Amino acid sequence: MATWSDLNLQNAASPLMEQLIFFHDHTLMILLMITALVAYIMLTLFFNKYTHRYLLEGQTIEVIWTVLPAVTLIFIALPSLRLLYLLDESMDPIITVKTVGHQWYWSYEYTDFVTPHEFDSYMIPYNEMSKDGFRLLDVDNRTVLPLNTQIRMLVTAADVLHSWTVPAMGVKVDATPGRLNQTSFFMNRPGLYYGQCSEICGTNHSFMPIVLESVNTKTFINWILNT
């Protein structure tokens, strides 16, 4: 989860988030090179004393400053398109979970089992939270999911627009009333991963936290059987 004075992205807990971080670093390196080049050219202008009263055109330099930005955009666009297709691929999910956004909580439905498992997930009020809890992030019922398993999340809303977002997974899906959106992710390490509604759906949309608990398969099966 994000902490104070943390200017970097959260550590990745899924292959998709790793690819997003790689693309972020790739784009920033290109931006750094462009900034350094432009800064160098602007700095030389302050000390350049050459003038040319009759210079009307320079086709060579015009071709260069037209082609170079186009090539730069290609270096950004191709990895971006590849990543967009990866994020949209479902890749044969083993478990499907449906989440419904309400004002101001989430509902989860595990319907792949003989006995469907459903529960609501509310934010824990500050005066009821334990000393080691996280304010505005902890919930009473966590979303427990097995690691090393391809998971499909079906997302919709019952009232207004919401957005189911977990940064460590690289997942952000709009919950739209009357529409069923889907996303897929693969958790490759155990832990607790926090998120919040990131849609402007009302005054309290930021108080709709999401807590994913990544556990091994045996623990997940025991949780399903005992709840």
# chains A, B, ... in the order shown; residues from 1 in each chain; ligands from 1
>>> residues_around(residues="stretch 217-220 of chain A", least_positions_apart="6", cutoff="9 Å", atoms="only C-alpha atoms", output="PyMOL selection string")
chain A and resi 144-149
>>> residues_around(residues="A:Pro79", least_positions_apart="2", cutoff="10 Å", atoms="only C-alpha atoms", output="list in words")
Gln19, Leu20, Phe22, Phe23, His26, Thr27, Ile74, Phe75, Ile76, Ala77, Leu81, Arg82, Leu83 and Leu84 of chain A
>>> residues_around(residues="A:Ala168", least_positions_apart="2", cutoff="6 Å", atoms="only C-alpha atoms", output="VMD selection string")
chain A and resid 10 12 to 13 166 170
>>> closest_residue(among="A:Tyr193, A:Tyr108, A:Phe207, A:Trp223", to="A:Thr96", atoms="only C-alpha atoms")
A:Tyr108
>>> residues_around(residues="A:Asp92", least_positions_apart="3", cutoff="12 Å", atoms="only C-alpha atoms", output="compact mmCIF listing (two decimals) with N, CA, C and O atoms, in the first residue's frame")
# COMPACT_ATOMS: atom_id res chain seq x y z
N GLU A 89 -7.02 -8.91 -21.86
CA GLU A 89 -7.10 -10.34 -22.11
C GLU A 89 -7.56 -11.08 -20.86
O GLU A 89 -7.04 -10.85 -19.77
N ILE A 95 -11.22 -18.81 -11.41
CA ILE A 95 -12.23 -18.34 -10.44
C ILE A 95 -12.83 -17.04 -10.95
O ILE A 95 -12.11 -16.16 -11.44
N THR A 96 -14.14 -16.92 -10.85
CA THR A 96 -14.84 -15.69 -11.22
C THR A 96 -15.52 -15.12 -9.99
O THR A 96 -16.25 -15.83 -9.29
N THR A 149 -3.25 -17.95 -9.29
CA THR A 149 -4.48 -18.39 -9.94
C THR A 149 -5.02 -17.25 -10.80
O THR A 149 -5.05 -16.10 -10.35
N GLN A 150 -5.42 -17.57 -12.01
CA GLN A 150 -6.00 -16.55 -12.87
C GLN A 150 -7.42 -16.25 -12.40
O GLN A 150 -8.27 -17.14 -12.34
N ILE A 151 -7.67 -15.00 -12.07
CA ILE A 151 -8.95 -14.59 -11.47
C ILE A 151 -9.63 -13.59 -12.39
O ILE A 151 -9.00 -12.65 -12.90
N ARG A 152 -10.92 -13.80 -12.62
CA ARG A 152 -11.73 -12.86 -13.38
C ARG A 152 -12.66 -12.13 -12.42
O ARG A 152 -13.34 -12.76 -11.61
N THR A 183 -12.47 -7.70 -15.65
CA THR A 183 -11.02 -7.60 -15.69
C THR A 183 -10.44 -8.91 -15.20
O THR A 183 -11.15 -9.74 -14.61
N SER A 184 -9.18 -9.11 -15.45
CA SER A 184 -8.52 -10.35 -15.06
C SER A 184 -7.16 -10.01 -14.47
O SER A 184 -6.47 -9.11 -14.96
N PHE A 185 -6.77 -10.72 -13.41
CA PHE A 185 -5.45 -10.51 -12.81
C PHE A 185 -4.95 -11.80 -12.19
O PHE A 185 -5.70 -12.76 -11.99
N PHE A 186 -3.66 -11.81 -11.88
CA PHE A 186 -2.97 -13.00 -11.39
C PHE A 186 -2.08 -12.55 -10.24
O PHE A 186 -1.10 -11.83 -10.44
>>> select_by_dssp(residues="stretch 136-207 of chain A", states="strand (DSSP E or B)", output="ChimeraX atom specification")
/A:139,143-146,150-157,162-166,171-175,177,181-186,191-196
>>> write_last_selection(atoms="N, CA, C and O atoms", output="short mmCIF file (atom, residue, chain, number, x, y, z; two decimals), in the first residue's frame")
data_model
loop_
_atom_site.label_atom_id
_atom_site.label_comp_id
_atom_site.auth_asym_id
_atom_site.auth_seq_id
_atom_site.Cartn_x
_atom_site.Cartn_y
_atom_site.Cartn_z
N VAL A 139 -11.45 -2.95 6.03
CA VAL A 139 -12.85 -3.33 5.86
C VAL A 139 -13.19 -4.47 6.82
O VAL A 139 -12.30 -5.15 7.34
N THR A 143 -11.74 -9.46 0.77
CA THR A 143 -11.93 -10.31 -0.40
C THR A 143 -10.78 -11.29 -0.48
O THR A 143 -9.66 -10.93 -0.87
N VAL A 144 -11.01 -12.51 -0.09
CA VAL A 144 -9.97 -13.54 -0.05
C VAL A 144 -9.90 -14.25 -1.40
O VAL A 144 -10.92 -14.72 -1.92
N LEU A 145 -8.69 -14.33 -1.95
CA LEU A 145 -8.49 -14.96 -3.25
C LEU A 145 -7.19 -15.76 -3.24
O LEU A 145 -6.24 -15.41 -2.54
N PRO A 146 -7.14 -16.86 -4.00
CA PRO A 146 -5.92 -17.67 -4.02
C PRO A 146 -4.84 -17.06 -4.92
O PRO A 146 -5.14 -16.48 -5.96
N GLN A 150 -5.42 -17.57 -12.01
CA GLN A 150 -6.00 -16.55 -12.87
C GLN A 150 -7.42 -16.25 -12.40
O GLN A 150 -8.27 -17.14 -12.34
N ILE A 151 -7.67 -15.00 -12.07
CA ILE A 151 -8.95 -14.59 -11.47
C ILE A 151 -9.63 -13.59 -12.39
O ILE A 151 -9.00 -12.65 -12.90
N ARG A 152 -10.92 -13.80 -12.62
CA ARG A 152 -11.73 -12.86 -13.38
C ARG A 152 -12.66 -12.13 -12.42
O ARG A 152 -13.34 -12.76 -11.61
N MET A 153 -12.68 -10.81 -12.53
CA MET A 153 -13.54 -10.00 -11.68
C MET A 153 -14.59 -9.33 -12.55
O MET A 153 -14.27 -8.56 -13.47
N LEU A 154 -15.86 -9.63 -12.28
CA LEU A 154 -16.98 -8.98 -12.95
C LEU A 154 -17.44 -7.82 -12.09
O LEU A 154 -17.70 -8.00 -10.90
N VAL A 155 -17.54 -6.65 -12.68
CA VAL A 155 -17.79 -5.43 -11.91
C VAL A 155 -19.01 -4.71 -12.45
O VAL A 155 -19.13 -4.50 -13.67
N THR A 156 -19.91 -4.34 -11.55
CA THR A 156 -21.08 -3.53 -11.91
C THR A 156 -21.45 -2.68 -10.70
O THR A 156 -20.80 -2.74 -9.66
N ALA A 157 -22.50 -1.90 -10.85
CA ALA A 157 -22.95 -1.02 -9.77
C ALA A 157 -24.46 -1.09 -9.65
O ALA A 157 -25.16 -1.38 -10.62
N HIS A 162 -19.14 3.77 -9.93
CA HIS A 162 -18.04 3.52 -9.00
C HIS A 162 -16.86 3.01 -9.82
O HIS A 162 -16.94 2.86 -11.03
N SER A 163 -15.75 2.78 -9.16
CA SER A 163 -14.58 2.25 -9.86
C SER A 163 -13.80 1.35 -8.91
O SER A 163 -13.31 1.79 -7.88
N TRP A 164 -13.71 0.08 -9.28
CA TRP A 164 -13.02 -0.92 -8.46
C TRP A 164 -11.54 -0.88 -8.81
O TRP A 164 -11.13 -1.25 -9.91
N THR A 165 -10.71 -0.39 -7.89
CA THR A 165 -9.31 -0.11 -8.18
C THR A 165 -8.41 -0.69 -7.11
O THR A 165 -8.59 -0.42 -5.92
N VAL A 166 -7.42 -1.48 -7.54
CA VAL A 166 -6.39 -2.01 -6.65
C VAL A 166 -5.05 -1.74 -7.32
O VAL A 166 -4.66 -2.45 -8.26
N VAL A 171 -5.12 -2.88 -11.56
CA VAL A 171 -6.51 -3.07 -11.96
C VAL A 171 -7.31 -1.81 -11.64
O VAL A 171 -7.23 -1.27 -10.53
N LYS A 172 -8.07 -1.34 -12.61
CA LYS A 172 -9.01 -0.22 -12.42
C LYS A 172 -10.17 -0.46 -13.39
O LYS A 172 -10.00 -0.35 -14.60
N VAL A 173 -11.34 -0.77 -12.83
CA VAL A 173 -12.51 -1.10 -13.65
C VAL A 173 -13.69 -0.23 -13.20
O VAL A 173 -13.99 -0.17 -12.00
N ASP A 174 -14.34 0.42 -14.14
CA ASP A 174 -15.52 1.22 -13.81
C ASP A 174 -16.70 0.30 -13.52
O ASP A 174 -16.96 -0.66 -14.25
N ALA A 175 -17.40 0.60 -12.42
CA ALA A 175 -18.63 -0.10 -12.07
C ALA A 175 -19.80 0.78 -12.53
O ALA A 175 -20.09 1.80 -11.91
N PRO A 177 -23.86 1.19 -13.58
CA PRO A 177 -25.20 0.58 -13.44
C PRO A 177 -25.72 0.11 -14.80
O PRO A 177 -25.63 0.80 -15.81
N ASN A 181 -18.84 -5.04 -16.51
CA ASN A 181 -17.46 -4.97 -17.00
C ASN A 181 -16.64 -6.10 -16.37
O ASN A 181 -17.00 -6.62 -15.31
N GLN A 182 -15.55 -6.43 -17.01
CA GLN A 182 -14.71 -7.49 -16.46
C GLN A 182 -13.24 -7.14 -16.56
O GLN A 182 -12.83 -6.35 -17.43
N THR A 183 -12.47 -7.70 -15.65
CA THR A 183 -11.02 -7.60 -15.69
C THR A 183 -10.44 -8.91 -15.20
O THR A 183 -11.15 -9.74 -14.61
N SER A 184 -9.18 -9.11 -15.45
CA SER A 184 -8.52 -10.35 -15.06
C SER A 184 -7.16 -10.01 -14.47
O SER A 184 -6.47 -9.11 -14.96
N PHE A 185 -6.77 -10.72 -13.41
CA PHE A 185 -5.45 -10.51 -12.81
C PHE A 185 -4.95 -11.80 -12.19
O PHE A 185 -5.70 -12.76 -11.99
N PHE A 186 -3.66 -11.81 -11.88
CA PHE A 186 -2.97 -13.00 -11.39
C PHE A 186 -2.08 -12.55 -10.24
O PHE A 186 -1.10 -11.83 -10.44
N GLY A 191 -0.34 -11.70 0.65
CA GLY A 191 -0.33 -10.41 1.34
C GLY A 191 -1.69 -9.75 1.32
O GLY A 191 -2.68 -10.30 0.82
N LEU A 192 -1.73 -8.54 1.86
CA LEU A 192 -2.93 -7.70 1.85
C LEU A 192 -2.70 -6.54 0.89
O LEU A 192 -1.67 -5.86 0.96
N TYR A 193 -3.66 -6.31 0.00
CA TYR A 193 -3.53 -5.27 -1.00
C TYR A 193 -4.75 -4.37 -0.94
O TYR A 193 -5.88 -4.84 -0.99
N TYR A 194 -4.49 -3.07 -0.81
CA TYR A 194 -5.54 -2.09 -0.53
C TYR A 194 -5.85 -1.27 -1.78
O TYR A 194 -4.98 -0.99 -2.60
N GLY A 195 -7.11 -0.89 -1.88
CA GLY A 195 -7.55 -0.02 -2.96
C GLY A 195 -8.75 0.79 -2.50
O GLY A 195 -9.28 0.58 -1.40
N GLN A 196 -9.20 1.70 -3.34
CA GLN A 196 -10.36 2.53 -3.05
C GLN A 196 -11.13 2.80 -4.33
O GLN A 196 -10.60 2.61 -5.43
#
>>> residues_around(residues="A:Ala158", least_positions_apart="2", cutoff="12 Å", atoms="only C-alpha atoms", output="PDB file with all heavy atoms, in the first residue's frame")
ATOM      1  N   THR A  99     -18.375  -8.341  -8.264  1.00  0.00           N
ATOM      2  CA  THR A  99     -18.433  -7.288  -7.256  1.00  0.00           C
ATOM      3  C   THR A  99     -19.410  -6.204  -7.705  1.00  0.00           C
ATOM      4  O   THR A  99     -19.430  -5.821  -8.882  1.00  0.00           O
ATOM      5  CB  THR A  99     -17.036  -6.684  -7.005  1.00  0.00           C
ATOM      6  OG1 THR A  99     -17.129  -5.605  -6.082  1.00  0.00           O
ATOM      7  CG2 THR A  99     -16.417  -6.178  -8.297  1.00  0.00           C
ATOM      8  N   VAL A 100     -20.223  -5.756  -6.771  1.00  0.00           N
ATOM      9  CA  VAL A 100     -21.259  -4.755  -7.048  1.00  0.00           C
ATOM     10  C   VAL A 100     -21.002  -3.543  -6.165  1.00  0.00           C
ATOM     11  O   VAL A 100     -20.875  -3.672  -4.941  1.00  0.00           O
ATOM     12  CB  VAL A 100     -22.670  -5.315  -6.776  1.00  0.00           C
ATOM     13  CG1 VAL A 100     -23.722  -4.279  -7.135  1.00  0.00           C
ATOM     14  CG2 VAL A 100     -22.892  -6.605  -7.560  1.00  0.00           C
ATOM     15  N   GLY A 101     -20.917  -2.377  -6.782  1.00  0.00           N
ATOM     16  CA  GLY A 101     -20.697  -1.152  -6.034  1.00  0.00           C
ATOM     17  C   GLY A 101     -21.996  -0.543  -5.550  1.00  0.00           C
ATOM     18  O   GLY A 101     -22.960  -0.402  -6.310  1.00  0.00           O
ATOM     19  N   HIS A 102     -22.027  -0.216  -4.259  1.00  0.00           N
ATOM     20  CA  HIS A 102     -23.178   0.454  -3.647  1.00  0.00           C
ATOM     21  C   HIS A 102     -22.684   1.737  -2.984  1.00  0.00           C
ATOM     22  O   HIS A 102     -21.498   1.945  -2.821  1.00  0.00           O
ATOM     23  CB  HIS A 102     -23.843  -0.432  -2.581  1.00  0.00           C
ATOM     24  CG  HIS A 102     -24.284  -1.772  -3.077  1.00  0.00           C
ATOM     25  ND1 HIS A 102     -25.537  -2.003  -3.605  1.00  0.00           N
ATOM     26  CD2 HIS A 102     -23.636  -2.971  -3.122  1.00  0.00           C
ATOM     27  CE1 HIS A 102     -25.649  -3.279  -3.948  1.00  0.00           C
ATOM     28  NE2 HIS A 102     -24.509  -3.891  -3.665  1.00  0.00           N
ATOM     29  N   GLN A 103     -23.622   2.570  -2.606  1.00  0.00           N
ATOM     30  CA  GLN A 103     -23.270   3.711  -1.777  1.00  0.00           C
ATOM     31  C   GLN A 103     -23.436   3.316  -0.304  1.00  0.00           C
ATOM     32  O   GLN A 103     -24.547   3.156   0.161  1.00  0.00           O
ATOM     33  CB  GLN A 103     -24.169   4.908  -2.098  1.00  0.00           C
ATOM     34  CG  GLN A 103     -23.955   5.470  -3.494  1.00  0.00           C
ATOM     35  CD  GLN A 103     -24.870   6.651  -3.780  1.00  0.00           C
ATOM     36  OE1 GLN A 103     -26.013   6.702  -3.343  1.00  0.00           O
ATOM     37  NE2 GLN A 103     -24.369   7.614  -4.507  1.00  0.00           N
ATOM     38  N   TRP A 104     -22.369   3.141   0.432  1.00  0.00           N
ATOM     39  CA  TRP A 104     -20.953   3.336   0.142  1.00  0.00           C
ATOM     40  C   TRP A 104     -20.203   2.083   0.561  1.00  0.00           C
ATOM     41  O   TRP A 104     -19.424   2.088   1.512  1.00  0.00           O
ATOM     42  CB  TRP A 104     -20.427   4.566   0.869  1.00  0.00           C
ATOM     43  CG  TRP A 104     -21.271   5.751   0.564  1.00  0.00           C
ATOM     44  CD1 TRP A 104     -22.189   6.338   1.347  1.00  0.00           C
ATOM     45  CD2 TRP A 104     -21.253   6.499  -0.658  1.00  0.00           C
ATOM     46  NE1 TRP A 104     -22.767   7.400   0.701  1.00  0.00           N
ATOM     47  CE2 TRP A 104     -22.197   7.520  -0.539  1.00  0.00           C
ATOM     48  CE3 TRP A 104     -20.535   6.388  -1.837  1.00  0.00           C
ATOM     49  CZ2 TRP A 104     -22.431   8.431  -1.566  1.00  0.00           C
ATOM     50  CZ3 TRP A 104     -20.775   7.289  -2.838  1.00  0.00           C
ATOM     51  CH2 TRP A 104     -21.716   8.305  -2.699  1.00  0.00           C
ATOM     52  N   TYR A 105     -20.427   0.985  -0.119  1.00  0.00           N
ATOM     53  CA  TYR A 105     -19.779  -0.289   0.197  1.00  0.00           C
ATOM     54  C   TYR A 105     -19.766  -1.156  -1.048  1.00  0.00           C
ATOM     55  O   TYR A 105     -20.407  -0.851  -2.056  1.00  0.00           O
ATOM     56  CB  TYR A 105     -20.518  -0.992   1.358  1.00  0.00           C
ATOM     57  CG  TYR A 105     -21.927  -1.418   1.044  1.00  0.00           C
ATOM     58  CD1 TYR A 105     -22.223  -2.702   0.618  1.00  0.00           C
ATOM     59  CD2 TYR A 105     -22.990  -0.507   1.157  1.00  0.00           C
ATOM     60  CE1 TYR A 105     -23.526  -3.085   0.312  1.00  0.00           C
ATOM     61  CE2 TYR A 105     -24.290  -0.875   0.851  1.00  0.00           C
ATOM     62  CZ  TYR A 105     -24.553  -2.165   0.433  1.00  0.00           C
ATOM     63  OH  TYR A 105     -25.826  -2.541   0.120  1.00  0.00           O
ATOM     64  N   TRP A 106     -19.028  -2.272  -0.965  1.00  0.00           N
ATOM     65  CA  TRP A 106     -18.950  -3.229  -2.059  1.00  0.00           C
ATOM     66  C   TRP A 106     -19.596  -4.546  -1.662  1.00  0.00           C
ATOM     67  O   TRP A 106     -19.513  -4.953  -0.513  1.00  0.00           O
ATOM     68  CB  TRP A 106     -17.489  -3.508  -2.449  1.00  0.00           C
ATOM     69  CG  TRP A 106     -16.749  -2.325  -2.977  1.00  0.00           C
ATOM     70  CD1 TRP A 106     -15.911  -1.507  -2.278  1.00  0.00           C
ATOM     71  CD2 TRP A 106     -16.776  -1.814  -4.316  1.00  0.00           C
ATOM     72  NE1 TRP A 106     -15.413  -0.521  -3.089  1.00  0.00           N
ATOM     73  CE2 TRP A 106     -15.923  -0.693  -4.345  1.00  0.00           C
ATOM     74  CE3 TRP A 106     -17.433  -2.212  -5.485  1.00  0.00           C
ATOM     75  CZ2 TRP A 106     -15.708   0.049  -5.518  1.00  0.00           C
ATOM     76  CZ3 TRP A 106     -17.223  -1.476  -6.640  1.00  0.00           C
ATOM     77  CH2 TRP A 106     -16.370  -0.362  -6.652  1.00  0.00           C
ATOM     78  N   SER A 107     -20.221  -5.221  -2.600  1.00  0.00           N
ATOM     79  CA  SER A 107     -20.755  -6.567  -2.391  1.00  0.00           C
ATOM     80  C   SER A 107     -19.992  -7.535  -3.297  1.00  0.00           C
ATOM     81  O   SER A 107     -19.707  -7.204  -4.453  1.00  0.00           O
ATOM     82  CB  SER A 107     -22.244  -6.639  -2.731  1.00  0.00           C
ATOM     83  OG  SER A 107     -22.989  -5.819  -1.865  1.00  0.00           O
ATOM     84  N   VAL A 155     -17.539  -6.648 -12.679  1.00  0.00           N
ATOM     85  CA  VAL A 155     -17.786  -5.429 -11.909  1.00  0.00           C
ATOM     86  C   VAL A 155     -19.011  -4.713 -12.452  1.00  0.00           C
ATOM     87  O   VAL A 155     -19.132  -4.496 -13.674  1.00  0.00           O
ATOM     88  CB  VAL A 155     -16.561  -4.493 -11.961  1.00  0.00           C
ATOM     89  CG1 VAL A 155     -16.793  -3.264 -11.082  1.00  0.00           C
ATOM     90  CG2 VAL A 155     -15.300  -5.223 -11.504  1.00  0.00           C
ATOM     91  N   THR A 156     -19.915  -4.339 -11.549  1.00  0.00           N
ATOM     92  CA  THR A 156     -21.075  -3.528 -11.912  1.00  0.00           C
ATOM     93  C   THR A 156     -21.455  -2.682 -10.705  1.00  0.00           C
ATOM     94  O   THR A 156     -20.800  -2.738  -9.661  1.00  0.00           O
ATOM     95  CB  THR A 156     -22.253  -4.421 -12.354  1.00  0.00           C
ATOM     96  OG1 THR A 156     -23.312  -3.587 -12.833  1.00  0.00           O
ATOM     97  CG2 THR A 156     -22.765  -5.263 -11.203  1.00  0.00           C
ATOM     98  N   VAL A 160     -24.933   4.311  -8.601  1.00  0.00           N
ATOM     99  CA  VAL A 160     -24.227   5.317  -9.395  1.00  0.00           C
ATOM    100  C   VAL A 160     -22.897   4.736  -9.862  1.00  0.00           C
ATOM    101  O   VAL A 160     -22.577   3.588  -9.584  1.00  0.00           O
ATOM    102  CB  VAL A 160     -24.002   6.610  -8.584  1.00  0.00           C
ATOM    103  CG1 VAL A 160     -25.311   7.248  -8.191  1.00  0.00           C
ATOM    104  CG2 VAL A 160     -23.154   6.324  -7.341  1.00  0.00           C
ATOM    105  N   LEU A 161     -22.133   5.531 -10.590  1.00  0.00           N
ATOM    106  CA  LEU A 161     -20.823   5.096 -11.066  1.00  0.00           C
ATOM    107  C   LEU A 161     -19.858   4.893  -9.901  1.00  0.00           C
ATOM    108  O   LEU A 161     -19.760   5.723  -9.008  1.00  0.00           O
ATOM    109  CB  LEU A 161     -20.236   6.130 -12.022  1.00  0.00           C
ATOM    110  CG  LEU A 161     -20.831   6.219 -13.421  1.00  0.00           C
ATOM    111  CD1 LEU A 161     -20.223   7.396 -14.163  1.00  0.00           C
ATOM    112  CD2 LEU A 161     -20.594   4.940 -14.191  1.00  0.00           C
ATOM    113  N   HIS A 162     -19.138   3.771  -9.926  1.00  0.00           N
ATOM    114  CA  HIS A 162     -18.043   3.516  -9.004  1.00  0.00           C
ATOM    115  C   HIS A 162     -16.857   3.015  -9.821  1.00  0.00           C
ATOM    116  O   HIS A 162     -16.944   2.859 -11.034  1.00  0.00           O
ATOM    117  CB  HIS A 162     -18.442   2.479  -7.944  1.00  0.00           C
ATOM    118  CG  HIS A 162     -19.594   2.895  -7.096  1.00  0.00           C
ATOM    119  ND1 HIS A 162     -19.492   3.839  -6.098  1.00  0.00           N
ATOM    120  CD2 HIS A 162     -20.903   2.510  -7.101  1.00  0.00           C
ATOM    121  CE1 HIS A 162     -20.663   4.006  -5.523  1.00  0.00           C
ATOM    122  NE2 HIS A 162     -21.542   3.211  -6.118  1.00  0.00           N
ATOM    123  N   ALA A 175     -17.397   0.605 -12.424  1.00  0.00           N
ATOM    124  CA  ALA A 175     -18.632  -0.096 -12.067  1.00  0.00           C
ATOM    125  C   ALA A 175     -19.801   0.777 -12.526  1.00  0.00           C
ATOM    126  O   ALA A 175     -20.093   1.801 -11.910  1.00  0.00           O
ATOM    127  CB  ALA A 175     -18.675  -0.352 -10.560  1.00  0.00           C
ATOM    128  N   THR A 176     -20.443   0.351 -13.600  1.00  0.00           N
ATOM    129  CA  THR A 176     -21.488   1.152 -14.236  1.00  0.00           C
ATOM    130  C   THR A 176     -22.840   0.477 -14.057  1.00  0.00           C
ATOM    131  O   THR A 176     -22.971  -0.720 -14.346  1.00  0.00           O
ATOM    132  CB  THR A 176     -21.194   1.318 -15.737  1.00  0.00           C
ATOM    133  OG1 THR A 176     -19.862   1.796 -15.902  1.00  0.00           O
ATOM    134  CG2 THR A 176     -22.178   2.274 -16.383  1.00  0.00           C
ATOM    135  N   PRO A 177     -23.859   1.193 -13.581  1.00  0.00           N
ATOM    136  CA  PRO A 177     -25.197   0.584 -13.445  1.00  0.00           C
ATOM    137  C   PRO A 177     -25.722   0.105 -14.797  1.00  0.00           C
ATOM    138  O   PRO A 177     -25.628   0.803 -15.811  1.00  0.00           O
ATOM    139  CB  PRO A 177     -26.052   1.733 -12.895  1.00  0.00           C
ATOM    140  CG  PRO A 177     -25.080   2.682 -12.284  1.00  0.00           C
ATOM    141  CD  PRO A 177     -23.823   2.575 -13.079  1.00  0.00           C
ATOM    142  N   GLY A 178     -26.241  -1.132 -14.814  1.00  0.00           N
ATOM    143  CA  GLY A 178     -26.788  -1.694 -16.042  1.00  0.00           C
ATOM    144  C   GLY A 178     -25.754  -2.251 -16.995  1.00  0.00           C
ATOM    145  O   GLY A 178     -26.105  -2.690 -18.094  1.00  0.00           O
ATOM    146  N   ARG A 179     -24.496  -2.265 -16.603  1.00  0.00           N
ATOM    147  CA  ARG A 179     -23.429  -2.789 -17.461  1.00  0.00           C
ATOM    148  C   ARG A 179     -22.513  -3.681 -16.634  1.00  0.00           C
ATOM    149  O   ARG A 179     -22.224  -3.374 -15.478  1.00  0.00           O
ATOM    150  CB  ARG A 179     -22.631  -1.647 -18.081  1.00  0.00           C
ATOM    151  CG  ARG A 179     -21.499  -2.112 -18.990  1.00  0.00           C
ATOM    152  CD  ARG A 179     -20.727  -0.924 -19.545  1.00  0.00           C
ATOM    153  NE  ARG A 179     -19.595  -1.364 -20.345  1.00  0.00           N
ATOM    154  CZ  ARG A 179     -19.636  -1.632 -21.641  1.00  0.00           C
ATOM    155  NH1 ARG A 179     -20.775  -1.512 -22.287  1.00  0.00           N
ATOM    156  NH2 ARG A 179     -18.563  -2.029 -22.305  1.00  0.00           N
ATOM    157  N   LEU A 180     -22.061  -4.781 -17.238  1.00  0.00           N
ATOM    158  CA  LEU A 180     -21.177  -5.715 -16.553  1.00  0.00           C
ATOM    159  C   LEU A 180     -19.802  -5.649 -17.210  1.00  0.00           C
ATOM    160  O   LEU A 180     -19.613  -6.122 -18.332  1.00  0.00           O
ATOM    161  CB  LEU A 180     -21.739  -7.142 -16.629  1.00  0.00           C
ATOM    162  CG  LEU A 180     -21.140  -8.172 -15.657  1.00  0.00           C
ATOM    163  CD1 LEU A 180     -21.438  -7.789 -14.219  1.00  0.00           C
ATOM    164  CD2 LEU A 180     -21.678  -9.559 -15.964  1.00  0.00           C
TER     165      LEU A 180
END
>>> residues_around(residues="A:Arg142", least_positions_apart="5", cutoff="7 Å", atoms="only C-alpha atoms", output="PyMOL selection string")
chain A and resi 121+211-213
>>> write_last_selection(atoms="N, CA and C atoms", output="compact mmCIF listing (two decimals), in the first residue's frame")
# COMPACT_ATOMS: atom_id res chain seq x y z
N SER A 121 -18.87 -5.70 2.04
CA SER A 121 -17.60 -5.23 2.59
C SER A 121 -17.71 -3.74 2.89
N VAL A 211 -10.03 -4.39 0.08
CA VAL A 211 -8.90 -5.13 0.65
C VAL A 211 -8.90 -6.53 0.06
N LEU A 212 -7.87 -6.82 -0.72
CA LEU A 212 -7.67 -8.16 -1.25
C LEU A 212 -6.70 -8.91 -0.35
N GLU A 213 -7.07 -10.11 0.04
CA GLU A 213 -6.19 -10.96 0.84
C GLU A 213 -5.76 -12.14 -0.03
>>> atom_distance(atom1="atom CA of A:Thr60", atom2="atom CA of A:Met33")
21.9 Å
>>> atom_distance(atom1="atom CA of A:Ser130", atom2="atom CA of A:Met169")
26.0 Å
>>> closest_residue(among="A:Phe134, A:Thr51, A:Pro190, A:Glu118", to="A:Thr3", atoms="only C-alpha atoms")
A:Phe134
>>> closest_residue(among="A:Glu199, A:Thr111, A:Met208, A:Thr66", to="A:Leu136", atoms="only C-alpha atoms")
A:Met208
>>> atom_distance(atom1="atom CA of A:Leu28", atom2="atom CA of A:Leu68")
17.1 Å
>>> select_by_dssp(residues="stretch 2-132 of chain A", states="alpha helix (DSSP H)", output="PyMOL selection string")
chain A and resi 15-47+59-88
>>> closest_residue(among="A:Ala2, A:Leu32, A:Val38, A:Met187", to="A:Pro15", atoms="only C-alpha atoms")
A:Met187
